[in-house]
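Participant: Mind looking over this structure? Questions follow.
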Amino acid sequence: MQVFMFHLMPYGPLDMSFREKYNSVWVLLPNSYFDPVKGHEIYNRYLDELELSAELGFDGVAVNEHHQNAYGLMPSPVVMAGALARRITKKIAILGNAFCLREHPLTLAEEHAMLDCITGGRLITGFVRGVGAEYFSMGVNPAFSLERHHEAADLVVRAWTEPGPFAYEGKHYHFEYVNVWPRPYQKPHPPIWCPSTGSVETVTWSAHPSRKYVYLHAFTPFDSVLQYLDLYRETAATRYGYSAASSQLGFCTPVYVAETDEQAHAEAKPHFEAMFNIFLPKVSLLMFSPPGYVTMESYRRVIRHNRSVRGEQSFESLLARNVVICGSPDTVRKRITECHRDAGFQNFLCLLQFGTLPRDLTEKNIRLFATEVLPSLQALSDRDYRGFEAKGKTLAAE
């Protein structure tokens, strides 16, 4: 199994009195709450944490994109990946960039190709749509999100693989000359991953035989994660006629490790609760998933599977429903191994800093995970997976 350290880079120093006036850290929270001096400190701290993870044996590190919020301070994950590219020798995953939010996605195609050349082929590209709130932040009509996402992805892959110059005429993107310089180091292009919190369209699109992109599910109870990873396998088998490899599946979750279960719970509790009760998008459903953003079927499923992480969450509830993993090295190792046994994913992303978790506890978490948990996880393979048997009916068709 590949194991990555994933970082959201939240604005931990946030003045929590904001809750007296605002109900969310997304879109509408005034940027006067951001202190650039503190921003300088935490950006460099977070980069240090990713570099430390690479030094301690993780297979790679991962960053992502969000806009106009305190949940994730990476409007450009390319900047973060660029800062890491010369300092670490492991894989760097951008999970992901919202190519479809841009009027000119070829700019990102060029930047990813640059990173792939700088790293000598260690880049993983992520195609992500982003939650609905991102579209309000960037002034893009969310009703066209899915078709823009598909069209931008097609354009970028062609730009990476098809000799230019050539013309591209789509519904949303029009280029007389597509001629990306530089070209990616990896052939035909960097691996492509598709992070999601439960869109059926993302599953069926990424599983298509012409793509076979890695589907990465995050931030829901593990029962939901299992359903969606099985949906990918089921879709591949019943709709497309092939057996999906475990390497096409990924699971992302927050993790905290301490010497004992009791100590881990005590140390992590306020910071897990901050992540889920303060930093996650506590916006209206109309802003989180606006009309037209997904089909009605996907909308119902996303709401059902994510309902349990909306609203006030206690640490005890998050732990009981396997939304987070927390405990001693033995407990954490056993729980992740059980998840792998049931779902068979070969890509595991652990969020070892979350919410307001401070520098000292984050470093302790990274070091303890790396020494006591990581080696056992990296040894997991399909030999440790219970296996999958197609049932002939996909989740999408229920």
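Identifiers in the structure tokens: chain A, B, ... in order shown; residue index from 1 per chain; ligand index from 1 in order shown.
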I'd like the neighbourhood of segment 161-176 of chain A as a compact mmCIF listing (two decimals) with N, CA and C atoms, in the first residue's frame, where a residue qualifies if any of its atoms comes within 7 Å (using only C-alpha atoms), though same-chain residues fewer than 4 positions away should be ignored.
Facilitator:
# COMPACT_ATOMS: atom_id res chain seq x y z
N ARG A 148 -18.12 21.25 -17.44
CA ARG A 148 -16.84 21.95 -17.50
C ARG A 148 -15.71 21.05 -17.01
N VAL A 157 -5.71 16.44 -20.84
CA VAL A 157 -5.08 15.17 -21.22
C VAL A 157 -4.63 15.21 -22.67
N PRO A 188 2.08 8.31 -20.51
CA PRO A 188 1.67 9.42 -21.39
C PRO A 188 1.44 10.73 -20.64
N HIS A 189 1.23 10.66 -19.31
CA HIS A 189 1.03 11.86 -18.50
C HIS A 189 1.11 11.45 -17.03
Participant: Could you list, as a VMD selection string, every residue within 8 Å of segment 262-273 of chain A, counting only C-alpha atoms and ignoring same-chain residues fewer than 5 positions away?
Facilitator: chain A and resid 256 to 257 278 313 to 315 326 to 328 354 to 357 361
Participant: With only C-alpha atoms counted and 12 Å as the cut-off, give the residues of segment 118-165 of chain A in contact with segment 55-70 of chain A, each with its shortest interatomic distance in Å and the pair that gives it, as a tab-separated table.
Facilitator:
residue	atom	partner	partner_atom	distance
A:Arg122	CA	A:Gly60	CA	8.9
A:Leu123	CA	A:Gly60	CA	9.6
A:Ile124	CA	A:Ala62	CA	8.9
A:Thr125	CA	A:Ala62	CA	10.1
A:Gly126	CA	A:Asn64	CA	8.5
A:Phe127	CA	A:Asn64	CA	10.4
A:Val128	CA	A:Glu65	CA	8.9
A:Arg129	CA	A:Glu65	CA	10.0
A:Gly130	CA	A:His66	CA	7.6
A:Val131	CA	A:His66	CA	9.0
A:Gly132	CA	A:His66	CA	11.1
A:Ala133	CA	A:His67	CA	8.5
A:Glu134	CA	A:His67	CA	6.0
A:Tyr135	CA	A:His67	CA	9.1
A:Phe136	CA	A:His67	CA	9.6
A:Ser137	CA	A:Gln68	CA	6.4
A:Met138	CA	A:His67	CA	7.8
A:Gly139	CA	A:His67	CA	11.4
Participant: May I have the selected residues written with N, CA and C atoms, as a PDB file, in the first residue's frame?
Facilitator:
ATOM      1  N   ARG A 122       7.646  12.669 -10.440  1.00  0.00           N
ATOM      2  CA  ARG A 122       7.098  12.311  -9.130  1.00  0.00           C
ATOM      3  C   ARG A 122       5.756  12.984  -8.847  1.00  0.00           C
ATOM      4  N   LEU A 123       5.179  13.623  -9.841  1.00  0.00           N
ATOM      5  CA  LEU A 123       3.906  14.325  -9.642  1.00  0.00           C
ATOM      6  C   LEU A 123       2.720  13.400  -9.845  1.00  0.00           C
ATOM      7  N   ILE A 124       1.714  13.535  -8.983  1.00  0.00           N
ATOM      8  CA  ILE A 124       0.387  12.948  -9.177  1.00  0.00           C
ATOM      9  C   ILE A 124      -0.579  14.115  -9.340  1.00  0.00           C
ATOM     10  N   THR A 125      -1.332  14.093 -10.428  1.00  0.00           N
ATOM     11  CA  THR A 125      -2.295  15.160 -10.701  1.00  0.00           C
ATOM     12  C   THR A 125      -3.671  14.747 -10.197  1.00  0.00           C
ATOM     13  N   GLY A 126      -4.374  15.679  -9.594  1.00  0.00           N
ATOM     14  CA  GLY A 126      -5.745  15.424  -9.174  1.00  0.00           C
ATOM     15  C   GLY A 126      -6.715  16.288  -9.953  1.00  0.00           C
ATOM     16  N   PHE A 127      -7.736  15.663 -10.539  1.00  0.00           N
ATOM     17  CA  PHE A 127      -8.837  16.396 -11.168  1.00  0.00           C
ATOM     18  C   PHE A 127      -9.977  16.451 -10.157  1.00  0.00           C
ATOM     19  N   VAL A 128     -10.318  17.641  -9.709  1.00  0.00           N
ATOM     20  CA  VAL A 128     -11.364  17.777  -8.702  1.00  0.00           C
ATOM     21  C   VAL A 128     -12.309  18.892  -9.126  1.00  0.00           C
ATOM     22  N   ARG A 129     -13.570  18.743  -8.747  1.00  0.00           N
ATOM     23  CA  ARG A 129     -14.547  19.794  -9.060  1.00  0.00           C
ATOM     24  C   ARG A 129     -14.624  20.837  -7.958  1.00  0.00           C
ATOM     25  N   GLY A 130     -14.345  20.433  -6.712  1.00  0.00           N
ATOM     26  CA  GLY A 130     -14.539  21.335  -5.590  1.00  0.00           C
ATOM     27  C   GLY A 130     -15.984  21.340  -5.144  1.00  0.00           C
ATOM     28  N   VAL A 131     -16.214  21.729  -3.895  1.00  0.00           N
ATOM     29  CA  VAL A 131     -17.593  21.834  -3.414  1.00  0.00           C
ATOM     30  C   VAL A 131     -18.231  23.081  -4.012  1.00  0.00           C
ATOM     31  N   GLY A 132     -19.556  23.149  -3.905  1.00  0.00           N
ATOM     32  CA  GLY A 132     -20.281  24.253  -4.534  1.00  0.00           C
ATOM     33  C   GLY A 132     -19.806  25.625  -4.107  1.00  0.00           C
ATOM     34  N   ALA A 133     -19.346  25.746  -2.856  1.00  0.00           N
ATOM     35  CA  ALA A 133     -18.911  27.049  -2.353  1.00  0.00           C
ATOM     36  C   ALA A 133     -17.770  27.631  -3.186  1.00  0.00           C
ATOM     37  N   GLU A 134     -16.937  26.763  -3.764  1.00  0.00           N
ATOM     38  CA  GLU A 134     -15.817  27.262  -4.564  1.00  0.00           C
ATOM     39  C   GLU A 134     -16.319  28.062  -5.771  1.00  0.00           C
ATOM     40  N   TYR A 135     -17.473  27.671  -6.299  1.00  0.00           N
ATOM     41  CA  TYR A 135     -17.998  28.329  -7.491  1.00  0.00           C
ATOM     42  C   TYR A 135     -18.510  29.730  -7.161  1.00  0.00           C
ATOM     43  N   PHE A 136     -19.044  29.899  -5.951  1.00  0.00           N
ATOM     44  CA  PHE A 136     -19.438  31.233  -5.519  1.00  0.00           C
ATOM     45  C   PHE A 136     -18.197  32.103  -5.326  1.00  0.00           C
ATOM     46  N   SER A 137     -17.126  31.512  -4.785  1.00  0.00           N
ATOM     47  CA  SER A 137     -15.894  32.272  -4.567  1.00  0.00           C
ATOM     48  C   SER A 137     -15.264  32.721  -5.876  1.00  0.00           C
ATOM     49  N   MET A 138     -15.354  31.885  -6.912  1.00  0.00           N
ATOM     50  CA  MET A 138     -14.670  32.171  -8.168  1.00  0.00           C
ATOM     51  C   MET A 138     -15.593  32.741  -9.247  1.00  0.00           C
ATOM     52  N   GLY A 139     -16.877  32.910  -8.922  1.00  0.00           N
ATOM     53  CA  GLY A 139     -17.798  33.512  -9.875  1.00  0.00           C
ATOM     54  C   GLY A 139     -18.080  32.655 -11.090  1.00  0.00           C
TER      55      GLY A 139
END
Participant: Mind checking DSSP for segment 171-308 of chain A and telling me the helix (DSSP H, G or I) residues as a ChimeraX atom specification?
Facilitator: /A:200-206,222-239,246-248,261-279,285-288,296-308
Participant: Please dump the current selection as a PDB file, in the first residue's frame; keep C-alpha atoms.
Facilitator:
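Saved as part-v8.pdb:
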ATOM      1  CA  VAL A 200     -21.852   8.930  -8.424  1.00  0.00           C
ATOM      2  CA  GLU A 201     -20.892  10.799 -11.603  1.00  0.00           C
ATOM      3  CA  THR A 202     -17.289  11.031 -10.394  1.00  0.00           C
ATOM      4  CA  VAL A 203     -17.229   7.279  -9.757  1.00  0.00           C
ATOM      5  CA  THR A 204     -18.633   6.289 -13.163  1.00  0.00           C
ATOM      6  CA  TRP A 205     -16.478   8.809 -15.030  1.00  0.00           C
ATOM      7  CA  SER A 206     -13.191   7.937 -13.308  1.00  0.00           C
ATOM      8  CA  PHE A 222     -16.128   4.313   6.803  1.00  0.00           C
ATOM      9  CA  ASP A 223     -19.368   2.483   5.999  1.00  0.00           C
ATOM     10  CA  SER A 224     -19.965   5.139   3.324  1.00  0.00           C
ATOM     11  CA  VAL A 225     -16.370   4.951   2.131  1.00  0.00           C
ATOM     12  CA  LEU A 226     -16.756   1.197   1.682  1.00  0.00           C
ATOM     13  CA  GLN A 227     -19.978   1.605  -0.304  1.00  0.00           C
ATOM     14  CA  TYR A 228     -18.365   4.039  -2.733  1.00  0.00           C
ATOM     15  CA  LEU A 229     -15.166   2.044  -3.199  1.00  0.00           C
ATOM     16  CA  ASP A 230     -17.291  -1.046  -3.836  1.00  0.00           C
ATOM     17  CA  LEU A 231     -19.377   1.060  -6.228  1.00  0.00           C
ATOM     18  CA  TYR A 232     -16.244   1.760  -8.254  1.00  0.00           C
ATOM     19  CA  ARG A 233     -15.462  -1.965  -8.455  1.00  0.00           C
ATOM     20  CA  GLU A 234     -19.086  -2.790  -9.230  1.00  0.00           C
ATOM     21  CA  THR A 235     -19.283  -0.137 -11.942  1.00  0.00           C
ATOM     22  CA  ALA A 236     -16.077  -1.405 -13.549  1.00  0.00           C
ATOM     23  CA  ALA A 237     -17.377  -4.989 -13.514  1.00  0.00           C
ATOM     24  CA  THR A 238     -21.035  -4.584 -14.500  1.00  0.00           C
ATOM     25  CA  ARG A 239     -20.982  -1.473 -16.658  1.00  0.00           C
ATOM     26  CA  SER A 246      -7.032  -2.050  -5.807  1.00  0.00           C
ATOM     27  CA  SER A 247      -4.458   0.484  -6.997  1.00  0.00           C
ATOM     28  CA  GLN A 248      -7.405   2.429  -8.489  1.00  0.00           C
ATOM     29  CA  ASP A 261      -5.816   5.280  23.554  1.00  0.00           C
ATOM     30  CA  GLU A 262      -6.678   7.500  26.511  1.00  0.00           C
ATOM     31  CA  GLN A 263      -3.844   9.916  25.827  1.00  0.00           C
ATOM     32  CA  ALA A 264      -4.630  10.051  22.115  1.00  0.00           C
ATOM     33  CA  HIS A 265      -8.283  10.819  22.804  1.00  0.00           C
ATOM     34  CA  ALA A 266      -7.470  13.549  25.314  1.00  0.00           C
ATOM     35  CA  GLU A 267      -4.904  15.239  23.077  1.00  0.00           C
ATOM     36  CA  ALA A 268      -6.831  15.070  19.818  1.00  0.00           C
ATOM     37  CA  LYS A 269     -10.441  15.635  20.926  1.00  0.00           C
ATOM     38  CA  PRO A 270     -10.601  19.478  20.768  1.00  0.00           C
ATOM     39  CA  HIS A 271      -8.769  19.593  17.448  1.00  0.00           C
ATOM     40  CA  PHE A 272     -10.934  16.956  15.746  1.00  0.00           C
ATOM     41  CA  GLU A 273     -14.001  18.846  16.961  1.00  0.00           C
ATOM     42  CA  ALA A 274     -12.550  22.097  15.637  1.00  0.00           C
ATOM     43  CA  MET A 275     -12.050  20.540  12.222  1.00  0.00           C
ATOM     44  CA  PHE A 276     -15.595  19.213  11.948  1.00  0.00           C
ATOM     45  CA  ASN A 277     -17.476  21.917  13.863  1.00  0.00           C
ATOM     46  CA  ILE A 278     -15.565  25.043  12.790  1.00  0.00           C
ATOM     47  CA  PHE A 279     -13.502  24.501   9.640  1.00  0.00           C
ATOM     48  CA  LEU A 285     -26.997  23.208   1.357  1.00  0.00           C
ATOM     49  CA  LEU A 286     -27.750  25.626  -1.475  1.00  0.00           C
ATOM     50  CA  MET A 287     -24.181  26.925  -1.257  1.00  0.00           C
ATOM     51  CA  PHE A 288     -22.578  23.540  -0.565  1.00  0.00           C
ATOM     52  CA  MET A 296     -30.731  14.725  -8.121  1.00  0.00           C
ATOM     53  CA  GLU A 297     -29.668  11.114  -7.565  1.00  0.00           C
ATOM     54  CA  SER A 298     -26.144  12.133  -6.566  1.00  0.00           C
ATOM     55  CA  TYR A 299     -27.515  14.997  -4.483  1.00  0.00           C
ATOM     56  CA  ARG A 300     -29.641  12.622  -2.416  1.00  0.00           C
ATOM     57  CA  ARG A 301     -26.730  10.254  -1.919  1.00  0.00           C
ATOM     58  CA  VAL A 302     -24.190  12.951  -1.021  1.00  0.00           C
ATOM     59  CA  ILE A 303     -26.582  14.428   1.528  1.00  0.00           C
ATOM     60  CA  ARG A 304     -27.370  11.025   3.014  1.00  0.00           C
ATOM     61  CA  HIS A 305     -23.756   9.925   3.277  1.00  0.00           C
ATOM     62  CA  ASN A 306     -22.515  13.295   4.554  1.00  0.00           C
ATOM     63  CA  ARG A 307     -25.414  14.091   6.886  1.00  0.00           C
ATOM     64  CA  SER A 308     -23.597  12.517   9.800  1.00  0.00           C
TER      65      SER A 308
END
Participant: One number please: atom CA of Ala109 of chain A to atom CA of Val156 of chain A, in Å, one decimal.
Facilitator: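 Taking atom CA of Ala109 of chain A and atom CA of Val156 of chain A, their separation equals 5.9 Å.
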Participant: With only C-alpha atoms as the counted atoms, please give the residues lying no more than 9 Å from Glu363 of chain A, apart from itself and same-chain residues fewer than 6 positions off, as a short mmCIF file (atom, residue, chain, number, x, y, z; two decimals) with N, CA and C atoms, in the first residue's frame.
Facilitator:
data_model
loop_
_atom_site.label_atom_id
_atom_site.label_comp_id
_atom_site.auth_asym_id
_atom_site.auth_seq_id
_atom_site.Cartn_x
_atom_site.Cartn_y
_atom_site.Cartn_z
N GLU A 49 6.17 20.24 8.06
CA GLU A 49 5.51 18.98 8.43
C GLU A 49 5.44 18.01 7.26
N LEU A 52 9.02 16.72 6.75
CA LEU A 52 9.34 15.73 7.78
C LEU A 52 8.72 14.38 7.43
N LEU A 352 -2.62 14.11 9.24
CA LEU A 352 -1.99 14.06 10.55
C LEU A 352 -1.94 15.41 11.24
N GLN A 353 -2.36 16.45 10.53
CA GLN A 353 -2.65 17.75 11.13
C GLN A 353 -4.06 18.09 10.73
#
Participant: When you count only C-alpha atoms, which of these residues is closest to Leu84 of chain A: A:Phe219, A:Phe99, A:Tyr46, A:Tyr242?
Facilitator: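 Nearest to Leu84 of chain A: A:Tyr46.
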Participant: So which one's closest to Val373 of chain A, A:Pro30, A:Gly241, A:Pro329, A:Gly250? Using only C-alpha atoms, please.
Facilitator: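 The closest residue to Val373 of chain A is A:Pro329.
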Participant: Between atom CA of Arg211 of chain A and atom CA of Pro105 of chain A, what is the distance, to one decimal in Å?
Facilitator: 19.0 Å
Participant: Per DSSP on the backbone, what are the strand (DSSP E) residues of segment 289-392 of chain A, as a list in words?
Facilitator: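 Secondary structure check on segment 289-392 of chain A, strand (DSSP E): Ile325, Cys326, Gly327, Asn347, Phe348, Leu349, Cys350 and Leu351 of chain A.
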Participant: Rank A:Phe251, A:Trp193, A:Tyr385, A:Tyr240 by their smallest atom-to-atom distance to Pro221 of chain A, using only C-alpha atoms, and report the top residue only.
Facilitator: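 Using only C-alpha atoms, Pro221 of chain A sits closest to A:Phe251.
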Participant: Kindly indicate which residue among A:Ala390, A:Val180, A:Val3, A:Ile88 lies nearest to His112 of chain A, using only C-alpha atoms for the distances.
Facilitator: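 Of all the options, A:Val180 lies closest to His112 of chain A.
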Participant: Between atom CA of Glu338 of chain A and atom CA of Asp384 of chain A, what is the distance in Å, rounded to a tenth?
Facilitator: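 Atom-to-atom, atom CA of Glu338 of chain A and atom CA of Asp384 of chain A are spaced 9.3 Å apart.
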Participant: For Thr371 of chain A, which of A:Leu28, A:Ile92, A:Ala258, A:Val79 is the closest residue, counting only C-alpha atoms?
Facilitator: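 Using only C-alpha atoms, Thr371 of chain A sits closest to A:Ala258.
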Participant: From the list A:Glu259, A:Asp330, A:Glu110, A:Glu312, which residue is nearest Ala159 of chain A when using only C-alpha atoms?
Facilitator: A:Glu110
